[in-house]
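J.: Handing you this structure, nothing more for now.
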Amino acid sequence: MNVSLNWLATHVDLKGKTPEELDRLLTFAGVEVEGIEVKGIASDKIVVAQIMEAVQHPDADKLKVTQVDAGEGQLRQIVCGAKNYQVGDKVPCCLPGATLPGGFTIGETKMRGVESKGMLAAASEIGLVDAVDGLMILPPDSPIGKPVKELFDNDVLLEVEVTPNRPDLLSHYGMAREMATLLEVPLAPLDIPARDGFTTEGVRSEAPEACPFYTAVRISGVTIGESPAWLKERLESIGLRPINNVVDVTNFVLHEIGQPLHAFDAAKVSGALVIRSAQDNEAFIALDGETYGLLPEDCVISDEAGHALALGGVMGGADSGVTEATTDILLESAYFTPSRIRRTSRRTALSSDSSYRFERGINPEGVLAGSALAIKLILETAGGTAEAVTMMAGGIPSLTGAVALDLAKLDQLTGGSISYDEAATILTRLGLASNADNTWTVPAFRADLQRHIDLVEEIVRVKGLDAIPSRLRGTFVPSSPVDAAYDADMRIRERLAGLGFHECQTIKLIADTQLADALPLKPLLPGDSIRVSLPLSEDHAVMRPSLIPGLVASAARNVRQGAKALRLFELGRVFRNAGGGKAKDLESDSLGILLSGDALPAGWARPDATADLYDLKAVIAALVPTASVQLVPRARDGFALAADIQADGQNLGTFAMILPSRQRELDAPQPIFVAELDLSKLRKFAAGSGAIEELPQFPGSSRDIALEAPASLANAEIERVLAKVKEPLLTGFECFDVFRDPSGQKLAADRKSIAYRLHYRAPDKTLKTDEIDTAHKAVVAALTSGLPVAQR
């Protein structure tokens with residue numbers, strides 16, 4: 001939320017406080033300030049100057065050479081390209097050394113051979129809003145040489161991140177109330193006229209569970225037009241665009257006291273306003289021009305003819321809003337149930353300043369105050385006459401009550417550093433009222449205060465955590481399994497980052513359609529997926545049984561942003577039932593890896609190569625450097641290639657390639673390979689970095705062997721036999737060639753030739769030829785006796 005200090009200063013005295021001091025004050029009170037922006041003119045070297053002469057540039061048709069009086073006792077020459085000024089006009093002059101918004105500093109230069117000692121500026125170039133195209137023309141009575149910043153009000157904008165439990169801070173008055181509490185200064189009262197007349201005619205509620213309290217006031221004879229300058233300046237100061245006087249008033253009240261409002265064109269409303277649940281798949285055209293299909297859980301404001309005028313608490317309709325032809329309006333002010341608004345906003349992906357506040361919970365006692373303030377301002381800015389009575393449905397809900405403050409626990413938690421009198425003073429400044437039984441009545445705008453500990457937290461927060469003495473010192477704690485798991489996970493992250501991978505953090509809830517991308521360690525059976533009882537949207541309906549759907553969705557977004565190489569991973573928790581839903585709510589930790597695209601960074605000296613399954617196998621091998629990694633084929637529905645990942649014969653996870661049809665849906669130009677590993681097993685392999693071996697001191701030798709084998713014989717079977725050969729001189733091996741002849745002319749169609757290179761080395765001497773031959777024969781014998789293969 002953007003907070004204007006000028007606007008804030010209308011409610012609380014901030015004199016003598018710098019933006020940095022206010023930033024620190026709010027941050028230490030638990031209100032995070034994400035940024036500070038100075039709006040307006042900051043530099044003293046931007047001064048009022050009068051144009052005394054302007055002649056054509058000798059070498060540029062669109063430039064003129066001006067002589068300006070900047071109050072320096074002599075004229076200053078500046079080359080200018082604007083055309084909207086006349087000799088004698090007063091304009092902003094940026095002297096050399098002036099710093100403009102964006103960090104650009106003005107200096108002396110030559111423009112097409114003519115010296116220019118500064119710059120004549122447009123309003124936007126010095127931090128103001130352009131009123132004309134060209135130079136900013138200042139009032140004729142502006143003193144020459146005076147800093148332009150002294151002619152205008154500067155402002156400072158605080159970008160504040162408000163936590164969900166503090167909706168009372170989502171307005172300037174709410175923020176001013178917080179400031180007044182922290183600074184111990186008075187809070188200026190709001191000037192809101194009282195409205196006493198109420199009637200139940202004109203509005204009817206058929207969904208009190210969605211909208212407990214609804215009000216509307218008819219204002220007749222308004223004139224829709226441009227807002228006064230003060231109102232436009234207020235809205236523009238926080239980045240809002242003025243629209244017209246009525247809409248601007250509703251936006252002002254929203255940001256002034258936090259009460260969302262909506263104005264209907266009364267001529268477009270047939271009969272009374274009806275607050276009801278939407279019909280199943282009811283079509284609603286919102287202000288953004290899009291049509292949305294509604295559900296019965298959505299709240300709709302309609303007329304008696306059934307026409308949907310607004311999606312309650314979220315957004316108005318395209319056909320019922322205020323236009324230039326509007327003369328009569330119905331001003332809505334209401335309290336909607338936060339959970340209903342949150343669910344509708346998430347499902348429809350519609351969000352507004354109003355829904356942002358409603359879904360967090362507004363002050364129900366602000367409904368009438370917001371309406372009264374808006375009526376007052378509309379009558380001032382748009383004219384007209386407001387009916388004396390307020391149409392009303394329902395009643396103001398009571399969300400707060402009395403909360404007891406346990407003095408003994410307060411003393412215990414604060415180490416006796418806060419007395420009861422001081423605590424009482426703080427609670428009073430926060431707006432709470434003391435009762436005789438040592439309880440405190442919580443105001444309606446602080447519905448988050450429900451328990452004793454909430455009061456203690458507020459007392460300590462306002463007092464300052466730095467004022468509470470520390471009582472405990474850090475003590476030695478022996479390492480636990482949790483520590484070991486954390487350390488192992490960090491080593492896995494570091495290794496993957498070192499291999500060029502980027503870590504993702506995806507949401508634990510996925511859509512039904514994403515289950516097709518899941519690659520759990522064990523295939524899902526009907527009933528294994530865990531569904532959310534009341535999902536916020538269809539995209540968040542299922543607890544993820546695998547990390548792969550989230551990684552695939554991330555890959556798709558990266559591909560559509562132009563990424564050529566994808567290296568993604570995620571460590572996280574997955575959820576499923578097991579045995580067709582017989583065992584409930586099983587949770588486990590997994591590592592998901594996704595690889596696609598270029599195998600190497602682009603470069604003129606590097607060959608073009610696409611990542612394949614062997615690249616992903618190499619990544620997995622790097623995570624378990626002390627183990628032998630094998631991919632054992634096993635079909636998986638929905639994937640082109642699939643295999644179990646084994647480390648030293650132990651199942652570690654699953655591996656697969658995305659189907660080409662799914663790859664095309666994702667717009668991915670290259671195959672996508674994914675793997676999901678059991679993190680609890682992987683941690684055991686990653687717990688240590690493995691023994692460090694000394695570099696060999698003696699040379700080794702290699703022998704090649706070609707084997708004829710059945711085409712169905714997996715490479716993993718051959719490598720498994722080689723790994724078990726008890727030959728101490730065999731130090732390594734790799735497959736370097738596979739040959740098949742489907743025609744059967746050179747080799748039977750059901751056979752293949754597979755070639756390996758075997759490496760031999762002794763740690764203490766240089767091997768002789770006969771020693772290598774003997775070892776090689778033993779290896780060949782083990783292969784031919786243990787497998788249906790023959791040496792070629």
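Residue numbers start at 1 in each chain; chains themselves are named A, B, ... in the order of the structure tokens; ligands are numbered from 1 in the order shown.
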Apply DSSP to the structure's backbone, then extract all residues of segment 8-166 of chain A labelled strand (DSSP E) and return them as number ranges by chain.

T.: A: 32-39, 46-56, 64-69, 76-80, 90-94, 109-111, 114-116, 119-120, 155-161

J.: Considering only C-alpha atoms, tabulate each residue of segment 155-253 of chain A that lies at most 6 Å from segment 275-295 of chain A along with its nearest interatomic pair and the corresponding distance in Å to one decimal; arrange the rows by chain and ascending residue number and present them as a tab-separated table.

T.:
residue	atom	partner	partner_atom	distance
A:Ser205	CA	A:Ile275	CA	4.6
A:Glu206	CA	A:Arg276	CA	4.8
A:Ala207	CA	A:Arg276	CA	4.9

J.: Tell me which protein, DNA and RNA residues are within 8 Å of segment 714-727 of chain A, counting only C-alpha atoms, leaving out same-chain ones fewer than 4 positions away, and put them as number ranges by chain.

T.: A: 630-632, 775, 778-779, 782-783, 786-787

J.: At most 10 Å is the cut-off: for each residue in segment 674-754 of chain A with any atom that close to an atom of segment 636-646 of chain A, write down the nearest atom pair and the distance in Å rounded to one decimal, counting only C-alpha atoms, chain first then increasing number, as a tab-separated table.

T.:
residue	atom	partner	partner_atom	distance
A:Val674	CA	A:Ala642	CA	9.5
A:Ala675	CA	A:Ile645	CA	8.6
A:Glu676	CA	A:Ile645	CA	9.0
A:Leu677	CA	A:Ile645	CA	8.0

J.: Write out the residues from the selection above, keeping C-alpha atoms, as a compact mmCIF listing (two decimals), in the first residue's frame.

T.:
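Output file again_29.txt follows:
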# COMPACT_ATOMS: atom_id res chain seq x y z
CA VAL A 674 12.29 -34.90 -15.14
CA ALA A 675 13.23 -36.89 -12.08
CA GLU A 676 11.82 -37.17 -8.58
CA LEU A 677 13.91 -38.61 -5.78

J.: Show me, as a VMD selection string, the residues that have an atom within 12 Å of segment 320-327 of chain A when counting only C-alpha atoms, minus same-chain residues fewer than 3 positions from it.

T.: chain A and resid 218 to 226 243 to 248 250 262 to 270 284 to 288 301 to 303 307 to 311 315 to 317 330 to 332 382 to 385

J.: Write out as a VMD selection string which residues come within 8 Å of segment 32-49 of chain A when counting only C-alpha atoms, dropping same-chain ones fewer than 3 positions away.

T.: chain A and resid 19 23 26 to 27 68 to 71 90 to 100 126 to 128 138 142 to 149 152 to 162

J.: When you look at Phe501 of chain A with a cut-off of 10 Å (counting only C-alpha atoms), what residues show up, excluding the ones that are within fewer than 2 positions of it in the same chain? I need them as JSON, numbers by chain.

T.: {"A": [493, 494, 495, 496, 497, 498, 499, 503, 504, 566, 567, 568, 569, 570, 593, 594, 595, 619]}

J.: What are the closest atom pairs, with distances in Å to one decimal, for all residues of segment 95-182 of chain A lying within 10 Å of segment 342-362 of chain A? Consider only C-alpha atoms, order rows by chain and residue number, and present the result as CSV.

T.:
residue,atom,partner,partner_atom,distance
A:Thr163,CA,A:Arg360,CA,9.5
A:Pro164,CA,A:Arg360,CA,6.1
A:Asn165,CA,A:Arg360,CA,7.3
A:Arg166,CA,A:Arg360,CA,8.1
A:Pro167,CA,A:Arg360,CA,5.9
A:Asp168,CA,A:Ile362,CA,7.0
A:Leu170,CA,A:Arg357,CA,7.3
A:Ser171,CA,A:Arg357,CA,9.7

J.: I'd like the contact shell of segment 115-118 of chain A - 8 Å cut-off, only C-alpha atoms, skipping same-chain residues fewer than 4 positions apart - returned as a ChimeraX atom specification.

T.: /A:76-79,93-96,106-111

J.: Segment 452-535 of chain A: which residues are alpha helix (DSSP H) by DSSP, as a PyMOL selection string?

T.: chain A and resi 452-463+481-498

J.: Restrict the selected residues to C-alpha atoms and save them as a compact mmCIF listing (two decimals), in the first residue's frame.

T.:
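result32.txt, freshly written:
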# COMPACT_ATOMS: atom_id res chain seq x y z
CA HIS A 452 -4.49 -12.29 26.43
CA ILE A 453 -1.28 -12.89 24.50
CA ASP A 454 -2.52 -10.57 21.72
CA LEU A 455 -2.65 -7.72 24.24
CA VAL A 456 0.83 -8.58 25.51
CA GLU A 457 2.16 -8.60 21.97
CA GLU A 458 0.69 -5.15 21.32
CA ILE A 459 2.14 -3.77 24.56
CA VAL A 460 5.61 -5.10 23.77
CA ARG A 461 5.40 -4.01 20.13
CA VAL A 462 4.56 -0.41 21.05
CA LYS A 463 7.05 -0.33 23.92
CA PRO A 481 18.31 -35.60 13.10
CA VAL A 482 16.59 -32.38 12.05
CA ASP A 483 19.98 -30.62 11.92
CA ALA A 484 21.47 -33.48 9.91
CA ALA A 485 18.58 -33.37 7.43
CA TYR A 486 18.94 -29.60 7.04
CA ASP A 487 22.68 -29.88 6.42
CA ALA A 488 22.15 -32.64 3.85
CA ASP A 489 19.49 -30.57 2.05
CA MET A 490 21.84 -27.58 1.91
CA ARG A 491 24.58 -29.74 0.40
CA ILE A 492 22.14 -30.96 -2.24
CA ARG A 493 21.12 -27.38 -3.01
CA GLU A 494 24.76 -26.29 -3.28
CA ARG A 495 25.64 -29.15 -5.62
CA LEU A 496 22.69 -28.48 -7.90
CA ALA A 497 23.40 -24.74 -7.92
CA GLY A 498 27.01 -25.54 -8.82

J.: Report, in Å to a single decimal, how far apart atom CA of Phe252 of chain A and atom CA of Arg234 of chain A are.

T.: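 Computed distance, atom CA of Arg234 of chain A to atom CA of Phe252 of chain A, equals 7.6 Å.
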
J.: So how far away is atom CA of Gly366 of chain A from atom CA of Ala423 of chain A, in Å?

T.: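 One can read the atom CA of Ala423 of chain A to atom CA of Gly366 of chain A distance as 27.2 Å.
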
J.: Between atom CA of Gly732 of chain A and atom CA of Glu694 of chain A, measure the distance and give it in Å to one decimal.

T.: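 Computing it gives 16.0 Å between the two atoms.
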